[in-house]
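**Q** Structure: query_2.cif, mmCIF, C-alpha atoms.
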```cif
data_start
loop_
_atom_site.label_atom_id
_atom_site.label_comp_id
_atom_site.auth_asym_id
_atom_site.auth_seq_id
_atom_site.Cartn_x
_atom_site.Cartn_y
_atom_site.Cartn_z
CA MET D 14 -29.78 2.35 -50.76
CA ILE D 15 -27.44 5.37 -50.57
CA THR D 16 -29.87 7.37 -52.70
CA PHE D 17 -32.72 6.42 -50.37
CA ILE D 18 -30.75 7.46 -47.25
CA GLN D 19 -29.78 10.72 -48.89
CA GLY D 20 -33.37 11.37 -49.89
CA VAL D 21 -34.55 10.85 -46.31
CA LEU D 22 -31.77 13.09 -44.91
CA LEU D 23 -32.39 15.89 -47.41
CA THR D 24 -36.16 15.75 -46.82
CA LEU D 25 -35.54 16.05 -43.07
CA LEU D 26 -33.19 18.99 -43.77
CA ALA D 27 -35.93 20.77 -45.72
CA ALA D 28 -38.50 20.06 -42.97
CA ILE D 29 -36.15 21.44 -40.30
CA THR D 30 -35.42 24.55 -42.37
CA ILE D 31 -39.15 25.27 -42.60
CA ALA D 32 -39.50 24.63 -38.85
CA ILE D 33 -36.62 27.08 -38.13
CA VAL D 34 -38.27 29.78 -40.28
CA ARG D 35 -41.66 29.31 -38.59
CA GLN D 36 -40.34 29.03 -35.02
CA ARG D 37 -40.63 32.20 -32.89
CA ASN D 38 -39.00 30.74 -29.77
CA LEU D 39 -35.26 31.27 -30.30
CA PHE D 40 -34.35 28.44 -27.90
CA GLY D 41 -36.22 26.10 -30.24
CA VAL D 42 -34.43 27.65 -33.22
CA VAL D 43 -31.00 26.95 -31.67
CA ILE D 44 -31.90 23.33 -30.93
CA LEU D 45 -33.31 22.87 -34.44
CA ALA D 46 -30.11 24.38 -35.87
CA GLY D 47 -28.13 21.79 -33.89
CA ILE D 48 -30.28 19.01 -35.37
CA TYR D 49 -29.72 20.56 -38.81
CA SER D 50 -25.95 20.35 -38.26
CA PHE D 51 -26.16 16.68 -37.25
CA LEU D 52 -28.21 15.93 -40.36
CA ILE D 53 -25.64 17.73 -42.57
CA ALA D 54 -22.93 15.71 -40.80
CA SER D 55 -24.85 12.52 -41.67
CA VAL D 56 -25.09 13.66 -45.30
CA MET D 57 -21.31 14.17 -45.29
CA MET D 58 -20.87 10.66 -43.85
CA VAL D 59 -22.96 9.25 -46.69
CA LEU D 60 -20.74 11.18 -49.13
CA ASP D 61 -17.64 9.53 -47.51
CA ALA D 62 -16.32 12.92 -46.32
CA VAL D 63 -15.66 11.76 -42.76
CA ASP D 64 -13.33 14.66 -41.92
CA VAL D 65 -15.99 17.21 -42.89
CA ALA D 66 -18.69 15.25 -41.04
CA MET D 67 -16.56 15.28 -37.88
CA THR D 68 -15.98 19.02 -38.13
CA GLU D 69 -19.65 19.72 -38.81
CA ALA D 70 -20.81 17.57 -35.87
CA SER D 71 -18.34 19.10 -33.40
CA VAL D 72 -18.43 22.75 -34.51
CA GLY D 73 -21.91 23.07 -35.99
CA ALA D 74 -23.85 20.94 -33.53
CA GLY D 75 -21.55 21.27 -30.51
CA ILE D 76 -19.70 24.54 -30.08
CA SER D 77 -21.97 26.88 -32.03
CA THR D 78 -25.08 25.54 -30.24
CA VAL D 79 -23.42 26.28 -26.89
CA VAL D 80 -22.28 29.75 -27.99
CA LEU D 81 -25.77 30.55 -29.38
CA LEU D 82 -27.37 29.38 -26.12
CA ALA D 83 -24.95 31.60 -24.18
CA ALA D 84 -25.94 34.49 -26.45
CA LEU D 85 -29.64 33.72 -25.83
CA HIS D 86 -28.93 33.91 -22.11
CA LEU D 87 -27.82 37.51 -22.71
CA THR D 88 -30.56 38.58 -25.12
CA GLY D 89 -33.69 36.67 -24.09
CA SER D 90 -35.22 33.89 -26.13
CA ARG D 91 -38.29 35.47 -27.76
CA GLU D 92 -38.26 36.74 -31.30
CA TYR D 93 -40.75 39.59 -31.69
CA PRO D 94 -42.95 39.47 -34.80
CA PRO D 95 -41.86 42.02 -37.42
CA ALA D 96 -43.61 45.41 -37.27
CA HIS D 97 -44.47 45.39 -40.97
CA ALA D 98 -44.62 42.86 -43.79
CA ALA D 99 -41.08 42.28 -45.06
CA LEU D 100 -41.91 42.44 -48.77
CA LEU D 101 -38.59 43.93 -49.98
CA PRO D 102 -36.37 41.38 -48.12
CA LEU D 103 -38.63 38.60 -49.41
CA PHE D 104 -38.23 39.91 -52.97
CA VAL D 105 -34.42 40.18 -52.61
CA SER D 106 -34.21 36.65 -51.16
CA ALA D 107 -36.43 35.21 -53.89
CA VAL D 108 -34.37 36.88 -56.65
CA THR D 109 -31.06 35.75 -55.10
CA ALA D 110 -32.31 32.19 -54.63
CA GLY D 111 -33.62 32.18 -58.21
CA ALA D 112 -30.26 33.40 -59.55
CA LEU D 113 -28.37 30.75 -57.54
CA ILE D 114 -30.64 27.92 -58.70
CA TRP D 115 -30.38 29.22 -62.29
CA GLY D 116 -26.59 29.21 -61.87
CA THR D 117 -26.53 25.55 -60.81
CA ALA D 118 -28.04 24.57 -64.18
CA GLU D 119 -24.68 25.32 -65.82
CA LEU D 120 -22.66 23.32 -63.26
CA PRO D 121 -21.45 19.79 -64.02
CA LYS D 122 -23.55 16.98 -62.55
CA PHE D 123 -22.95 16.19 -58.87
CA GLY D 124 -20.19 13.64 -58.24
CA VAL D 125 -19.03 13.44 -61.87
CA SER D 126 -15.31 12.64 -62.05
CA HIS D 127 -14.57 14.81 -65.12
CA ALA D 128 -15.79 18.00 -63.43
CA PRO D 129 -13.17 20.80 -63.58
CA ILE D 130 -12.62 20.72 -59.80
CA HIS D 131 -11.40 17.11 -60.05
CA GLN D 132 -9.18 17.83 -63.04
CA ASN D 133 -7.00 20.70 -61.82
CA THR D 134 -4.62 19.83 -58.96
CA ALA D 135 -6.40 16.90 -57.31
CA PRO D 136 -5.01 14.15 -59.64
CA LYS D 137 -1.47 15.45 -59.06
CA TYR D 138 -1.93 15.31 -55.26
CA ILE D 139 -3.28 11.75 -55.45
CA GLU D 140 -0.44 10.56 -57.71
CA ASP D 141 2.26 12.33 -55.68
CA ALA D 142 0.87 11.05 -52.38
CA ALA D 143 1.20 7.46 -53.57
CA GLN D 144 4.59 8.09 -55.16
CA HIS D 145 6.10 9.86 -52.13
CA LYS D 146 4.60 7.37 -49.62
CA MET D 147 2.71 10.16 -47.85
CA PRO D 148 0.65 9.38 -44.72
CA PRO D 149 -2.41 7.29 -45.67
CA ASN D 150 -4.99 9.98 -44.87
CA MET D 151 -4.67 12.05 -48.02
CA VAL D 152 -6.89 14.80 -46.58
CA THR D 153 -4.33 15.47 -43.87
CA GLY D 154 -1.52 15.26 -46.41
CA VAL D 155 -3.17 17.87 -48.64
CA LEU D 156 -4.18 20.12 -45.73
CA ALA D 157 -0.97 20.18 -43.74
CA ASP D 158 1.66 19.40 -46.38
CA TYR D 159 0.78 20.26 -49.98
CA ARG D 160 -1.39 23.14 -48.82
CA GLY D 161 0.60 24.08 -45.73
CA TYR D 162 0.46 27.80 -46.53
CA ASP D 163 -3.34 27.73 -46.80
CA THR D 164 -3.70 25.99 -43.45
CA LEU D 165 -1.34 28.53 -41.87
CA GLY D 166 -3.70 31.18 -43.23
CA GLU D 167 -6.75 29.33 -41.84
CA THR D 168 -5.14 29.07 -38.42
CA THR D 169 -4.46 32.81 -38.54
CA VAL D 170 -8.11 33.39 -39.49
CA ILE D 171 -9.27 31.40 -36.43
CA PHE D 172 -6.82 33.38 -34.29
CA THR D 173 -8.10 36.68 -35.71
CA GLY D 174 -11.73 35.66 -35.23
CA GLY D 175 -11.11 34.64 -31.61
CA ILE D 176 -9.29 37.89 -30.86
CA GLY D 177 -12.14 39.84 -32.47
CA VAL D 178 -14.81 38.10 -30.37
CA MET D 179 -12.75 38.61 -27.21
CA LEU D 180 -12.31 42.32 -27.97
CA ILE D 181 -16.04 42.80 -28.61
CA MET D 182 -17.29 40.75 -25.66
CA ARG D 183 -14.70 41.82 -23.07
CA GLY D 184 -13.95 45.36 -24.25
CA ARG D 185 -17.17 46.64 -22.69
CA ARG D 186 -15.99 45.63 -19.23
CA ARG D 187 -12.89 47.82 -19.37
CA LYS D 188 -15.03 50.71 -20.59
CA SER D 189 -17.54 50.26 -17.78
CA LYS D 190 -14.65 50.13 -15.31
CA GLY D 191 -13.41 53.39 -16.82
CA SER D 192 -16.87 54.96 -16.52
CA ASP D 193 -16.98 53.72 -12.91
CA ALA D 194 -13.73 55.51 -12.23
CA LYS D 195 -15.09 58.59 -13.94
CA SER D 196 -18.28 58.59 -11.91
CA LYS D 197 -16.26 58.03 -8.75
CA SER D 198 -14.00 60.94 -9.56
CA ARG D 199 -17.11 62.97 -10.33
CA GLU D 200 -18.51 61.99 -6.96
CA ARG D 201 -15.26 62.98 -5.35
CA SER D 202 -15.21 66.34 -7.07
CA ALA D 203 -18.86 66.94 -6.15
CA MET G 5 -29.69 20.41 -7.80
CA LYS G 6 -30.74 16.84 -6.95
CA LEU G 7 -31.50 16.24 -10.61
CA ASP G 8 -27.92 17.20 -11.45
CA LEU G 9 -26.55 13.96 -9.98
CA ILE G 10 -26.89 11.84 -13.11
CA LEU G 11 -25.46 14.61 -15.26
CA ARG G 12 -22.50 15.14 -12.92
CA VAL G 13 -21.59 11.46 -12.66
CA GLY G 14 -22.17 10.97 -16.37
CA THR G 15 -19.94 13.91 -17.20
CA LYS G 16 -17.16 12.61 -14.96
CA LEU G 17 -17.40 9.26 -16.73
CA ILE G 18 -17.36 10.76 -20.21
CA LEU G 19 -14.66 13.44 -19.79
CA PRO G 20 -11.52 11.24 -19.78
CA PHE G 21 -12.73 9.35 -22.85
CA LEU G 22 -13.51 12.65 -24.60
CA LEU G 23 -9.99 13.94 -24.01
CA ILE G 24 -8.35 10.66 -25.03
CA PHE G 25 -10.51 10.62 -28.16
CA ALA G 26 -9.40 14.19 -28.92
CA PHE G 27 -5.72 13.23 -28.70
CA TYR G 28 -6.40 10.07 -30.70
CA VAL G 29 -7.93 12.22 -33.43
CA HIS G 30 -4.91 14.53 -33.25
CA PHE G 31 -2.09 11.99 -33.28
CA HIS G 32 -3.88 9.55 -35.57
CA GLY G 33 -4.77 12.26 -38.09
CA ASP G 34 -2.21 10.91 -40.56
CA TYR G 35 -4.00 7.56 -40.72
CA GLY G 36 -7.63 8.09 -39.79
CA PRO G 37 -10.10 10.91 -40.28
CA GLY G 38 -9.52 14.08 -38.34
CA GLY G 39 -6.58 16.21 -37.40
CA GLY G 40 -5.64 19.25 -35.37
CA PHE G 41 -8.82 21.21 -36.05
CA GLN G 42 -11.28 18.48 -35.07
CA ALA G 43 -9.18 17.48 -32.06
CA GLY G 44 -9.00 21.09 -30.89
CA VAL G 45 -12.77 21.44 -31.08
CA ILE G 46 -13.28 18.19 -29.13
CA ILE G 47 -10.87 19.39 -26.39
CA ALA G 48 -12.70 22.72 -26.19
CA ALA G 49 -16.03 20.87 -26.08
CA SER G 50 -14.90 18.74 -23.14
CA PHE G 51 -13.90 21.86 -21.18
CA ILE G 52 -17.19 23.55 -22.09
CA LEU G 53 -19.10 20.45 -20.92
CA TYR G 54 -17.19 20.65 -17.64
CA ALA G 55 -18.05 24.36 -17.33
CA ILE G 56 -21.76 23.73 -18.04
CA ILE G 57 -22.10 20.95 -15.46
CA PHE G 58 -19.71 22.08 -12.70
CA GLY G 59 -19.86 25.85 -13.17
CA LEU G 60 -17.73 28.45 -14.86
CA ASP G 61 -15.46 29.01 -11.85
CA ALA G 62 -14.56 25.32 -11.61
CA ALA G 63 -13.65 25.30 -15.31
CA LYS G 64 -11.55 28.42 -14.89
CA ARG G 65 -9.62 26.72 -12.08
CA VAL G 66 -8.76 23.88 -14.47
CA ALA G 67 -8.09 26.09 -17.50
CA PRO G 68 -7.37 29.64 -16.32
CA GLN G 69 -8.69 32.30 -18.68
CA ALA G 70 -5.37 34.16 -18.86
CA ILE G 71 -3.52 31.01 -19.99
CA VAL G 72 -6.23 30.07 -22.50
CA GLU G 73 -6.07 33.52 -24.06
CA ARG G 74 -2.29 33.37 -24.35
CA LEU G 75 -2.51 29.97 -26.07
CA VAL G 76 -4.51 31.54 -28.95
CA PRO G 77 -1.52 33.35 -30.53
CA LEU G 78 0.91 30.65 -29.35
CA GLY G 79 -0.64 28.10 -31.71
CA VAL G 80 -0.17 30.38 -34.71
CA LEU G 81 3.40 30.96 -33.55
CA ILE G 82 4.05 27.16 -33.34
CA TYR G 83 2.66 26.70 -36.85
CA ALA G 84 4.57 29.63 -38.33
CA SER G 85 7.86 28.67 -36.69
CA ALA G 86 7.49 25.02 -37.81
CA GLY G 87 8.41 26.31 -41.26
CA LEU G 88 11.58 28.07 -40.17
CA PRO G 89 13.98 25.08 -39.79
CA ALA G 90 13.50 24.40 -43.51
CA MET G 91 14.64 27.95 -44.30
CA ILE G 92 17.67 27.79 -42.00
CA PHE G 93 18.91 24.18 -42.35
CA GLY G 94 17.13 23.02 -45.52
CA GLU G 95 16.91 24.31 -49.05
CA GLY G 96 15.40 27.60 -47.98
CA ARG G 97 11.76 26.66 -48.74
CA TYR G 98 9.38 27.73 -45.98
CA LEU G 99 7.22 24.91 -44.52
CA ASP G 100 9.21 22.23 -46.38
CA TYR G 101 9.20 19.29 -43.95
CA GLY G 102 12.19 17.53 -45.53
CA VAL G 103 14.50 18.73 -42.76
CA TYR G 104 12.69 16.81 -40.01
CA GLY G 105 14.13 13.43 -40.94
CA HIS G 106 16.13 11.50 -43.51
CA GLU G 107 13.29 9.43 -44.91
CA PHE G 108 10.54 11.26 -46.81
CA THR G 109 7.48 9.72 -45.12
CA HIS G 110 9.00 9.99 -41.66
CA ALA G 111 10.06 13.62 -42.09
CA HIS G 112 6.69 14.66 -43.43
CA GLU G 113 4.81 12.87 -40.66
CA TRP G 114 6.83 14.86 -38.13
CA GLY G 115 6.22 18.08 -40.02
CA ILE G 116 2.48 17.45 -40.23
CA LEU G 117 2.34 16.57 -36.52
CA LEU G 118 4.21 19.77 -35.60
CA VAL G 119 1.98 21.94 -37.75
CA GLU G 120 -1.17 20.23 -36.43
CA SER G 121 0.03 20.90 -32.87
CA GLY G 122 -0.12 24.59 -33.70
CA VAL G 123 -3.63 24.14 -35.13
CA ILE G 124 -4.90 22.16 -32.11
CA THR G 125 -3.53 24.82 -29.71
CA THR G 126 -5.13 27.74 -31.51
CA VAL G 127 -8.47 26.02 -32.20
CA ALA G 128 -8.97 24.62 -28.70
CA SER G 129 -7.99 27.84 -26.95
CA THR G 130 -9.98 30.08 -29.32
CA MET G 131 -13.17 28.05 -28.87
CA LEU G 132 -12.75 28.03 -25.11
CA ALA G 133 -11.88 31.74 -25.01
CA ILE G 134 -15.01 32.57 -27.03
CA PHE G 135 -17.11 30.48 -24.64
CA TYR G 136 -15.50 32.23 -21.63
CA ALA G 137 -16.18 35.62 -23.20
CA PHE G 138 -19.88 34.82 -23.67
CA ALA G 139 -20.30 33.12 -20.29
CA ASP G 140 -18.57 36.02 -18.50
CA ARG G 141 -21.09 38.48 -19.92
CA GLY G 142 -23.92 36.29 -18.67
CA THR G 143 -22.73 36.02 -15.07
CA ARG G 144 -22.07 39.72 -14.53
#
```
Could you show the structure in this file as structure tokens?
**A**
Amino acid sequence: MITFIQGVLLTLLAAITIAIVRQRNLFGVVILAGIYSFLIASVMMVLDAVDVAMTEASVGAGISTVVLLAALHLTGSREYPPAHAALLPLFVSAVTAGALIWGTAELPKFGVSHAPIHQNTAPKYIEDAAQHKMPPNMVTGVLADYRGYDTLGETTVIFTGGIGVMLIMRGRRRKSKGSDAKSKSRERSA
Amino acid sequence: MKLDLILRVGTKLILPFLLIFAFYVHFHGDYGPGGGFQAGVIIAASFILYAIIFGLDAAKRVAPQAIVERLVPLGVLIYASAGLPAMIFGEGRYLDYGVYGHEFTHAHEWGILLVESGVITTVASTMLAIFYAFADRGTR
């Protein structure tokens, strides 16, 4: 049953990706990207990663859709067809995709418990969490306690990103005010 | 504007539940899925919903831009300073939550909650500040 649900979800994901590539109306692209995020969130639900699903649904489908729509309001919602055939980008994409798919052949099978990622620190966290009577949600325990330094770094990354966006989007206003003052002073001198 | 009625009433109905759900996700992060990050995004989303339906100015009266932008670094400060008591009163290990209580589970729950409060502050205010920055450009 799980395999069937996953098959349906992944097929829909592929269909939506093709629709996004073919769509020229950027408003449609943003909405399709929101649907894509909801589908990925559903896939995460099926994989029992509820925390990730929640984040994907709220950030991917919620906030980023709104921010992209706000950006479309500034830029206009039509994508112009390319002036010439994009053969070189197509070649680069095809080679990169080929290399990535070739790389996955060496990876351990999906969901196998003896994969290296499940052998390194994860067993220690699980044992310690039970031994120390940590809060029941182990994800929170790992994020905020065992990996407290990493999460401090992530919070700083969000802070830095926000400051960067604010500087880019609001910096122009101060400049235009400055140019206003300049033009006024020019008017005065003239 | 007549068509807005359903959206306006619907939004007013949804908003309190959205905010309560956000704080549920935050404070219940130790036991259920979620935590500071998800809760922060849900809070920001509820403010953005308010701004979309009732206008940017109404949202800025509820959450003034200047305050929102000051909350962005404050969250990082809360998180970073949550580790200091361990260095001063504890065994000198930064972000060691043992100092927040006598019993292990209790102390660590407090530590996680404190740290997540920093995360929720930064995430919610950053998302809202980014939305304000984009929306401001559109209205000028």
**Q** Write out as a list of chain:residue names each polymer residue whose atoms come within 6 Å of segment 47-64 of chain D, counting only C-alpha atoms; drop sequence neighbours fewer than 4 positions from it.
**A**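 That gives D:Glu69, D:Ala70, D:Gly73, D:Ala74, G:Pro37, G:Gly38.
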**Q** Could you expand the PyMOL selection byres ((chain G and resi 43) around 7) into the explicit residues it covers here, written as a list in words?
**A**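 With the shown file as input, the PyMOL selection byres ((chain G and resi 43) around 7) matches Ala26, Phe27, Val29, His30, Gly39, Gly40, Phe41, Gln42, Gly44, Val45, Ile46, Ile47 and Ile124 of chain G.
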**Q** Please produce a file of those selected residues containing C-alpha atoms, as a PDB file, in the coordinates of the input.
**A**
```
ATOM      1  CA  ALA G  26      -9.400  14.190 -28.920  1.00  0.00           C
ATOM      2  CA  PHE G  27      -5.720  13.230 -28.700  1.00  0.00           C
ATOM      3  CA  VAL G  29      -7.930  12.220 -33.430  1.00  0.00           C
ATOM      4  CA  HIS G  30      -4.910  14.530 -33.250  1.00  0.00           C
ATOM      5  CA  GLY G  39      -6.580  16.210 -37.400  1.00  0.00           C
ATOM      6  CA  GLY G  40      -5.640  19.250 -35.370  1.00  0.00           C
ATOM      7  CA  PHE G  41      -8.820  21.210 -36.050  1.00  0.00           C
ATOM      8  CA  GLN G  42     -11.280  18.480 -35.070  1.00  0.00           C
ATOM      9  CA  GLY G  44      -9.000  21.090 -30.890  1.00  0.00           C
ATOM     10  CA  VAL G  45     -12.770  21.440 -31.080  1.00  0.00           C
ATOM     11  CA  ILE G  46     -13.280  18.190 -29.130  1.00  0.00           C
ATOM     12  CA  ILE G  47     -10.870  19.390 -26.390  1.00  0.00           C
ATOM     13  CA  ILE G 124      -4.900  22.160 -32.110  1.00  0.00           C
TER      14      ILE G 124
END
```
**Q** Residues of chain D within 7 Å of chain G, using all atoms listed in the file, as an MDAnalysis selection string?
**A** chainID D and resid 63:64 67:68 71:72 76 80 83:84 86:87 146:150 153 157:158 161 165 168:169 171:172 175 178:179 182:183
**Q** For the residues in that selection, give me C-alpha atoms as a CSV table (one decimal), in the coordinates of the input.
**A**
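Ended up saving to result-v3.csv:
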```csv
chain,number,residue,atom,x,y,z
D,63,VAL,CA,-15.7,11.8,-42.8
D,64,ASP,CA,-13.3,14.7,-41.9
D,67,MET,CA,-16.6,15.3,-37.9
D,68,THR,CA,-16.0,19.0,-38.1
D,71,SER,CA,-18.3,19.1,-33.4
D,72,VAL,CA,-18.4,22.8,-34.5
D,76,ILE,CA,-19.7,24.5,-30.1
D,80,VAL,CA,-22.3,29.8,-28.0
D,83,ALA,CA,-25.0,31.6,-24.2
D,84,ALA,CA,-25.9,34.5,-26.4
D,86,HIS,CA,-28.9,33.9,-22.1
D,87,LEU,CA,-27.8,37.5,-22.7
D,146,LYS,CA,4.6,7.4,-49.6
D,147,MET,CA,2.7,10.2,-47.8
D,148,PRO,CA,0.6,9.4,-44.7
D,149,PRO,CA,-2.4,7.3,-45.7
D,150,ASN,CA,-5.0,10.0,-44.9
D,153,THR,CA,-4.3,15.5,-43.9
D,157,ALA,CA,-1.0,20.2,-43.7
D,158,ASP,CA,1.7,19.4,-46.4
D,161,GLY,CA,0.6,24.1,-45.7
D,165,LEU,CA,-1.3,28.5,-41.9
D,168,THR,CA,-5.1,29.1,-38.4
D,169,THR,CA,-4.5,32.8,-38.5
D,171,ILE,CA,-9.3,31.4,-36.4
D,172,PHE,CA,-6.8,33.4,-34.3
D,175,GLY,CA,-11.1,34.6,-31.6
D,178,VAL,CA,-14.8,38.1,-30.4
D,179,MET,CA,-12.8,38.6,-27.2
D,182,MET,CA,-17.3,40.8,-25.7
D,183,ARG,CA,-14.7,41.8,-23.1
```
**Q** To one decimal place in Å, what is the distance between atom CA of Ala62 of chain G and atom CA of Leu39 of chain D?
**A** 28.5 Å
**Q** What does the PyMOL selection byres ((chain D and resi 33) around 12) select in this file, as a list in words?
**A**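 Answer for the PyMOL selection byres ((chain D and resi 33) around 12): Leu26, Ala27, Ala28, Ile29, Thr30, Ile31, Ala32, Val34, Arg35, Gln36, Arg37, Asn38, Leu39, Phe40, Gly41, Val42, Val43, Ile44, Leu45, Ala46, Gly47, Ile48, Tyr49 and Glu92 of chain D.
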**Q** As an exercise, work out the distance from atom CA of Ile57 of chain G to atom CA of Thr15 of chain G in Å and give it to one decimal place.
**A** 7.6 Å
**Q** For Ser50 of chain G, which residue out of G:Leu23, G:Val13, G:Ala63, G:Ile71 is the nearest one, using only C-alpha atoms?
**A**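 Selected residue with least distance to Ser50 of chain G: G:Leu23.
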